[in-house]
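S.K.: This is the content of coords00.txt (compact mmCIF, C-alpha atoms and all ligand atoms):
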# COMPACT_ATOMS: atom_id res chain seq x y z
CA MET A 1 -15.15 -1.75 12.92
CA ILE A 2 -13.05 -4.72 11.85
CA ASP A 3 -10.60 -5.01 8.96
CA SER A 4 -11.17 -8.65 8.05
CA HIS A 5 -8.24 -8.88 5.63
CA CYS A 6 -4.90 -7.09 5.62
CA HIS A 7 -1.24 -7.93 5.22
CA LEU A 8 0.52 -6.31 8.16
CA ASP A 9 3.68 -8.29 7.39
CA HIS A 10 4.30 -6.15 4.31
CA GLU A 11 7.24 -3.85 4.82
CA HIS A 12 5.33 -0.56 4.66
CA LEU A 13 2.84 -1.63 7.35
CA ALA A 14 5.23 -3.70 9.49
CA ARG A 15 7.70 -0.85 9.75
CA ASN A 16 5.02 1.58 10.97
CA ILE A 17 2.93 -0.90 12.93
CA HIS A 18 2.62 1.31 16.01
CA ASP A 19 1.24 4.29 14.03
CA VAL A 20 -0.93 2.03 11.85
CA LEU A 21 -2.59 0.56 14.95
CA SER A 22 -3.05 3.89 16.70
CA ARG A 23 -4.83 5.27 13.62
CA CYS A 24 -7.05 2.16 13.68
CA LYS A 25 -7.96 2.73 17.31
CA LYS A 26 -8.68 6.39 16.61
CA GLU A 27 -11.16 5.36 13.89
CA GLY A 28 -12.90 2.86 16.17
CA ILE A 29 -11.41 -0.28 14.65
CA ASN A 30 -11.07 -2.89 17.35
CA LYS A 31 -9.84 -5.95 15.42
CA VAL A 32 -7.68 -6.56 12.38
CA LEU A 33 -7.02 -9.92 10.75
CA THR A 34 -3.58 -10.23 9.19
CA ILE A 35 -3.51 -12.83 6.45
CA SER A 36 -0.80 -15.40 5.79
CA THR A 37 0.30 -16.04 2.20
CA LYS A 38 3.42 -18.23 2.36
CA LEU A 39 5.27 -20.65 4.60
CA SER A 40 8.37 -18.51 5.06
CA GLY A 41 6.20 -15.54 6.10
CA PHE A 42 4.39 -17.31 8.93
CA PRO A 43 6.95 -16.59 11.69
CA LYS A 44 6.41 -12.89 10.96
CA ILE A 45 2.62 -13.32 11.24
CA LEU A 46 3.11 -14.99 14.64
CA ASP A 47 5.35 -12.13 15.68
CA ILE A 48 2.78 -9.52 14.58
CA VAL A 49 -0.24 -11.09 16.32
CA ASP A 50 1.73 -10.86 19.57
CA LYS A 51 2.19 -7.11 19.21
CA ASP A 52 -1.33 -6.06 20.16
CA GLU A 53 -4.47 -7.74 21.46
CA MET A 54 -6.49 -6.31 18.54
CA ILE A 55 -4.49 -8.31 15.96
CA PHE A 56 -5.49 -11.82 14.91
CA GLY A 57 -3.99 -13.91 12.13
CA THR A 58 -4.44 -16.81 9.73
CA PHE A 59 -2.28 -19.49 8.20
CA GLY A 60 -2.42 -20.40 4.54
CA ILE A 61 -0.63 -20.47 1.21
CA HIS A 62 -1.73 -17.92 -1.40
CA PRO A 63 -2.41 -19.43 -4.86
CA HIS A 64 0.58 -17.44 -6.20
CA GLU A 65 2.86 -19.35 -3.82
CA THR A 66 1.73 -22.92 -4.42
CA ASN A 67 4.58 -23.82 -6.79
CA ASN A 68 6.98 -23.15 -3.91
CA ASP A 69 4.89 -24.23 -0.93
CA GLN A 70 2.93 -27.46 -1.27
CA ILE A 71 1.56 -28.22 2.15
CA SER A 72 -0.52 -31.09 3.49
CA LYS A 73 -3.73 -30.82 5.48
CA ASP A 74 -1.91 -32.00 8.61
CA GLU A 75 0.84 -29.39 8.24
CA ILE A 76 -1.78 -26.64 7.88
CA ILE A 77 -3.56 -27.85 11.01
CA SER A 78 -0.39 -27.98 13.07
CA LYS A 79 0.63 -24.43 12.06
CA ILE A 80 -2.80 -23.14 13.00
CA LYS A 81 -2.86 -24.91 16.33
CA SER A 82 0.53 -23.42 17.22
CA ASN A 83 -1.03 -20.13 18.38
CA ASN A 84 -4.54 -19.40 19.65
CA LYS A 85 -4.67 -16.02 17.85
CA ILE A 86 -4.57 -17.83 14.51
CA ILE A 87 -8.27 -18.04 13.74
CA GLY A 88 -8.65 -18.73 10.01
CA VAL A 89 -7.39 -20.92 7.15
CA GLY A 90 -6.03 -19.05 4.13
CA GLU A 91 -5.74 -17.17 2.07
CA THR A 92 -6.12 -19.97 -0.41
CA GLY A 93 -8.04 -20.37 -3.64
CA LEU A 94 -7.44 -20.02 -7.36
CA ASP A 95 -5.87 -17.21 -9.38
CA PHE A 96 -6.02 -17.95 -13.09
CA TYR A 97 -5.51 -14.28 -13.96
CA TYR A 98 -1.83 -14.08 -13.13
CA ASN A 99 -1.26 -17.87 -13.26
CA ILE A 100 1.94 -17.47 -11.29
CA SER A 101 1.59 -21.06 -10.05
CA ASP A 102 0.51 -24.13 -12.05
CA LYS A 103 -3.24 -24.71 -12.07
CA ASP A 104 -2.99 -28.26 -10.73
CA LYS A 105 -0.80 -27.12 -7.83
CA GLN A 106 -3.25 -24.32 -6.98
CA ILE A 107 -6.13 -26.80 -6.98
CA THR A 108 -4.34 -29.38 -4.80
CA SER A 109 -3.39 -26.67 -2.30
CA PHE A 110 -6.95 -25.26 -2.25
CA LYS A 111 -8.37 -28.72 -1.49
CA ASN A 112 -5.85 -29.32 1.32
CA HIS A 113 -6.84 -26.00 2.91
CA ILE A 114 -10.52 -26.93 2.63
CA ASP A 115 -9.88 -30.25 4.39
CA ALA A 116 -7.94 -28.47 7.15
CA ALA A 117 -10.70 -25.86 7.63
CA LEU A 118 -13.31 -28.59 7.92
CA GLU A 119 -11.31 -30.57 10.45
CA LEU A 120 -10.65 -27.46 12.56
CA ASN A 121 -14.13 -26.02 11.93
CA PHE A 122 -12.39 -22.71 11.10
CA PRO A 123 -13.40 -20.27 8.34
CA LEU A 124 -11.72 -20.66 4.95
CA ILE A 125 -10.54 -17.38 3.41
CA VAL A 126 -10.90 -17.73 -0.36
CA HIS A 127 -9.11 -15.72 -3.04
CA SER A 128 -10.60 -16.20 -6.52
CA ARG A 129 -9.63 -14.38 -9.70
CA ASN A 130 -10.57 -15.42 -13.24
CA ALA A 131 -11.53 -18.79 -11.79
CA GLU A 132 -15.24 -18.49 -10.95
CA ASP A 133 -16.39 -21.84 -12.28
CA GLU A 134 -13.47 -23.81 -10.89
CA THR A 135 -13.70 -22.13 -7.47
CA TYR A 136 -17.43 -22.74 -7.25
CA GLU A 137 -17.19 -26.40 -8.34
CA ILE A 138 -14.59 -27.19 -5.70
CA LEU A 139 -16.53 -25.39 -2.94
CA LYS A 140 -19.83 -26.95 -3.99
CA ASN A 141 -18.34 -30.43 -3.85
CA SER A 142 -16.94 -29.87 -0.35
CA ASP A 143 -18.68 -30.79 2.90
CA LYS A 144 -21.63 -28.46 3.52
CA ASN A 145 -20.28 -27.53 6.96
CA LEU A 146 -17.41 -25.61 5.37
CA LYS A 147 -17.38 -21.96 6.52
CA ILE A 148 -16.58 -19.93 3.41
CA LEU A 149 -15.39 -16.31 3.29
CA MET A 150 -14.94 -14.91 -0.22
CA HIS A 151 -12.36 -12.20 0.39
CA CYS A 152 -12.18 -9.04 -1.76
CA PHE A 153 -15.22 -10.33 -3.60
CA THR A 154 -15.27 -9.17 -7.23
CA GLY A 155 -17.26 -12.02 -8.78
CA SER A 156 -20.45 -11.86 -10.77
CA LEU A 157 -23.93 -11.71 -9.30
CA THR A 158 -24.52 -15.21 -10.70
CA LEU A 159 -21.58 -16.56 -8.73
CA ALA A 160 -22.64 -14.65 -5.61
CA LEU A 161 -26.13 -16.16 -5.72
CA LYS A 162 -24.74 -19.67 -6.17
CA LEU A 163 -22.31 -19.14 -3.29
CA MET A 164 -25.19 -17.91 -1.13
CA GLU A 165 -26.58 -21.41 -1.35
CA LEU A 166 -23.33 -22.63 0.22
CA ASN A 167 -23.81 -20.14 3.10
CA SER A 168 -20.80 -18.11 2.02
CA TYR A 169 -19.80 -14.76 3.48
CA PHE A 170 -18.62 -11.96 1.17
CA SER A 171 -16.03 -9.36 2.06
CA ALA A 172 -16.13 -5.97 0.34
CA SER A 173 -12.80 -4.27 -0.34
CA GLY A 174 -11.93 -0.77 -1.55
CA ILE A 175 -12.81 -1.90 -5.08
CA ILE A 176 -16.48 -1.10 -4.35
CA THR A 177 -15.51 2.57 -4.01
CA PHE A 178 -14.02 2.73 -7.52
CA LYS A 179 -16.05 4.63 -10.10
CA ASN A 180 -15.84 1.85 -12.69
CA SER A 181 -17.16 -0.87 -10.38
CA THR A 182 -20.89 -0.44 -11.07
CA ASP A 183 -21.54 -4.15 -11.65
CA LEU A 184 -19.86 -5.08 -8.39
CA GLN A 185 -21.76 -2.34 -6.54
CA ASN A 186 -25.01 -3.75 -7.90
CA THR A 187 -24.02 -7.22 -6.73
CA PHE A 188 -23.39 -5.95 -3.20
CA LYS A 189 -26.76 -4.17 -3.27
CA GLN A 190 -28.39 -7.57 -3.66
CA LEU A 191 -26.47 -9.55 -1.05
CA PRO A 192 -28.12 -9.95 2.36
CA LEU A 193 -26.71 -7.89 5.22
CA ASP A 194 -26.02 -10.90 7.41
CA ARG A 195 -23.44 -12.21 4.90
CA LEU A 196 -21.27 -9.09 4.58
CA LEU A 197 -17.82 -8.25 5.91
CA ILE A 198 -15.42 -5.40 5.07
CA GLU A 199 -11.68 -5.40 4.47
CA THR A 200 -8.81 -3.33 3.10
CA ASP A 201 -6.47 -6.02 1.66
CA SER A 202 -3.87 -3.40 2.61
CA PRO A 203 -1.23 -2.42 1.62
CA PHE A 204 -2.97 -2.98 -1.75
CA LEU A 205 -6.19 -1.52 -3.19
CA ALA A 206 -6.59 1.77 -1.33
CA PRO A 207 -10.24 2.92 -1.54
CA GLU A 208 -11.41 6.27 -2.85
CA PRO A 209 -10.53 8.99 -1.88
CA MET A 210 -7.15 7.47 -0.99
CA ARG A 211 -6.75 5.61 -4.27
CA GLY A 212 -3.13 5.53 -5.43
CA LYS A 213 -1.80 5.80 -1.87
CA LYS A 214 -0.53 2.92 0.24
CA ASN A 215 -3.54 1.33 1.86
CA GLU A 216 -3.77 0.65 5.59
CA PRO A 217 -6.41 -0.89 7.90
CA SER A 218 -7.84 2.45 9.11
CA PHE A 219 -9.01 3.12 5.52
CA VAL A 220 -11.61 0.35 5.92
CA ARG A 221 -13.94 3.14 7.03
CA TYR A 222 -14.21 4.37 3.41
CA THR A 223 -15.37 0.94 2.29
CA LEU A 224 -17.87 0.83 5.16
CA LYS A 225 -19.20 4.23 4.13
CA LYS A 226 -19.59 3.22 0.47
CA LEU A 227 -21.25 -0.05 1.42
CA SER A 228 -23.67 1.79 3.72
CA GLU A 229 -24.69 4.01 0.77
CA LEU A 230 -25.21 0.95 -1.43
CA LYS A 231 -27.27 -0.78 1.25
CA ASN A 232 -29.11 2.42 2.09
CA ILE A 233 -28.51 2.22 5.84
CA GLU A 234 -26.54 4.37 8.25
CA ALA A 235 -22.82 3.63 8.52
CA PRO A 236 -22.90 3.01 12.30
CA GLU A 237 -25.65 0.45 11.84
CA LEU A 238 -23.72 -1.33 9.08
CA ASP A 239 -20.61 -1.16 11.25
CA LYS A 240 -22.43 -3.10 13.95
CA ILE A 241 -23.79 -5.64 11.46
CA THR A 242 -20.44 -6.34 9.75
CA THR A 243 -18.70 -6.53 13.13
CA ASP A 244 -21.30 -9.01 14.39
CA ASN A 245 -20.91 -11.05 11.19
CA PHE A 246 -17.15 -11.25 11.69
CA ASN A 247 -17.51 -12.31 15.31
CA LYS A 248 -20.10 -14.91 14.44
CA LEU A 249 -17.98 -16.37 11.64
CA PHE A 250 -14.63 -16.39 13.47
CA PHE A 251 -15.62 -16.69 17.12
CA ASN A 252 -19.03 -18.41 16.94
CA LYS A 253 -20.60 -15.54 18.84
ZN ZN A 301 -6.33 -12.27 -2.08
ZN ZN A 302 -4.85 -10.79 0.66
Spell out the structure here as C-alpha cells.
Ligand SMILES: [Zn+2]
Ligand SMILES: [Zn+2]
M.R.:
Amino acid sequence: MIDSHCHLDHEHLARNIHDVLSRCKKEGINKVLTISTKLSGFPKILDIVDKDEMIFGTFGIHPHETNNDQISKDEIISKIKSNNKIIGVGETGLDFYYNISDKDKQITSFKNHIDAALELNFPLIVHSRNAEDETYEILKNSDKNLKILMHCFTGSLTLALKLMELNSYFSASGIITFKNSTDLQNTFKQLPLDRLLIETDSPFLAPEPMRGKKNEPSFVRYTLKKLSELKNIEAPELDKITTDNFNKLFFNK
C-alpha cells in the first residue's frame, strides 16, 4: 500500500514520525509521499525524506501560498534536483473556494509548475477546488506529455471523463468513505482501475470510521477498502493495482 499524498511536515505528524511510520509498516504500507506546499517548508520536507527509506517527497507551492511565494520554472526545477527522493512537482493548482491567493497569481504559479514538470518529465500533483473549468482549460492547453495526478479528486464525472482524455490519474482520499459523497463514489465506480491511486491528505480528512480524528498515513487502508467495495474487487487486488499505478507514474516501472 502507498499513501500518495500526505503532509508529514505538519506538527502532529512530524512530532510523532517514528510511531506514524511504524503503524504504516504494520499495515503493509511501504511508501509515503510527503507533499510540499510552500517555500519556507521545503527544508523540513528534505529533512523528513531523509528519516526513512519509505518516505519520498515533492516540491511545489500550494495555491493558498501563491501570494507569498511566486516561483519561476527554473527555481522549481533546481529545488527538485537538489535531492533524488523528490519525485513530483506540486502540490499546485487552483483553489477558488477559499480564494486565499489572487486568481491571477494562482494561475501563473500553476503554469510555472506545469512547465517545470514537463521539463523534468515528473508527475504534476494538482489540487483543484471550485475551479473545474479553469483547471481543465489550463491542463488541456499544456503539452500532451504532461503527467497529471488529480489529488484528492472530488470533481464531477464530466470533468473526470474529460481529464481521462489527457491521461490523468485520480487519487481517492478519505472523502469517498463519507456517507454524503454518493456522487463522488459513483464517479470512482466509472473510472478505470489503471488510473487510480489512494491517499490520506493527512493530517486532514480522516476517513470513516476515523472521521473527526487526526488523520495519518496508516488510515489509507480505509480508503482502499471503500474503493475496493466501489470497484467490486478484493482489497488485496486493488492494493496491488494502485501500488503498481503509483510506481508506474512516479518511477516509470
Ligand atoms: Zn490539496
Ligand atoms: Zn495536500
S.K.: Can you tell me how far CA of Arg221 in chain A sits from CA of Pro236 in chain A, in Å to one decimal?
M.R.: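 Separation of CA of Arg221 in chain A and CA of Pro236 in chain A: 10.4 Å.
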S.K.: One decimal, in Å: what's the spacing between CA of Met1 in chain A and CA of Asp239 in chain A?
M.R.: 5.7 Å
S.K.: Here is a test: counting only C-alpha atoms and all ligand atoms, which residue of A:Lys240, A:Lys253, A:Arg23, A:His7 is nearest to ligand ZN 301 (chain A)?
M.R.: A:His7
S.K.: In Å, how far is it from CA of Leu118 in chain A to CA of Ser202 in chain A?
M.R.: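 Taking CA of Leu118 in chain A and CA of Ser202 in chain A, their separation equals 27.4 Å.
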S.K.: May I ask you to write as a list in words all residues lying at most 8 Å from ligand ZN 301 (chain A), with all atoms listed in the file counted?
M.R.: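 So the residues close to ligand ZN 301 (chain A) are His62, Glu91, Thr92, Val126, His127, Ser128, His151, Cys152 and Asp201 of chain A.
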S.K.: Distance limit 12 Å, reference ligand ZN 302 (chain A), atoms considered: only C-alpha atoms and all ligand atoms. Which residues make the cut? Give them as a PyMOL selection string.
M.R.: chain A and resi 3-10+33-38+57-64+90-93+95+125-129+150-153+171+173+199-205
S.K.: Name all residues at most 9 Å from range 136-141 of chain A (count only C-alpha atoms; drop same-chain ones fewer than 5 positions away) and give them as a PyMOL selection string.
M.R.: chain A and resi 107+110-111+114+131+146+148+159+162-163+166
S.K.: Under the rule that all atoms listed in the file are counted, which of A:Thr177, A:Thr135, A:Asn67, A:Asn252 is the nearest residue to Arg211 in chain A?
M.R.: A:Thr177
S.K.: Please define a box with edges along x, y and z of the file around all atoms of range 175-190 of chain A given in the file, extend it by 4 Å on each side, and return its centre and edge lengths in Å to one decimal, as AutoDock Vina command-line options.
M.R.:
--center_x -20.6 --center_y -1.5 --center_z -7.9 --size_x 23.6 --size_y 20.2 --size_z 17.5
S.K.: So which one's closest to Ser40 in chain A, A:Asp244, A:Glu11, A:Asp104, A:Asp69? Using all atoms listed in the file, please.
M.R.: A:Asp69
S.K.: Using only C-alpha atoms, determine which residues lie at most 12 Å from Lys248 in chain A, disregarding the query and same-chain residues fewer than 3 positions distant; provide the list as a list in words.
M.R.: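 So the residues in contact are Phe122, Pro123, Lys147, Tyr169, Asp194, Arg195, Leu196, Leu197, Ile241, Thr242, Thr243, Asp244, Asn245, Phe251, Asn252 and Lys253 of chain A.
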S.K.: Show which residues sit within 8 Å of Ile175 in chain A, as a PyMOL selection string. Count all atoms listed in the file, and ignore same-chain residues fewer than 3 positions away.
M.R.: chain A and resi 152+154+172+178+181+205+207
S.K.: Select, from A:Glu134, A:Glu208, A:Asp47, A:Glu234, the residue with the minimum atom-to-atom distance to Ile176 in chain A, counting all atoms listed in the file.
M.R.: A:Glu208
S.K.: Pick out the closest residue to Asn99 in chain A from this set: A:Asn130, A:Ala117, A:Met54, A:Lys179. Count all atoms listed in the file.
M.R.: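 Going through A:Asn130, A:Ala117, A:Met54, A:Lys179 one by one, the smallest distance to Asn99 in chain A is for A:Asn130.
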S.K.: Which residue, A:Leu124, A:Val32, A:Leu94, A:Leu184, has the smallest gap to Val20 in chain A when you use all atoms listed in the file?
M.R.: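 Of A:Leu124, A:Val32, A:Leu94, A:Leu184, the one nearest Val20 in chain A is A:Val32, counting all atoms listed in the file.
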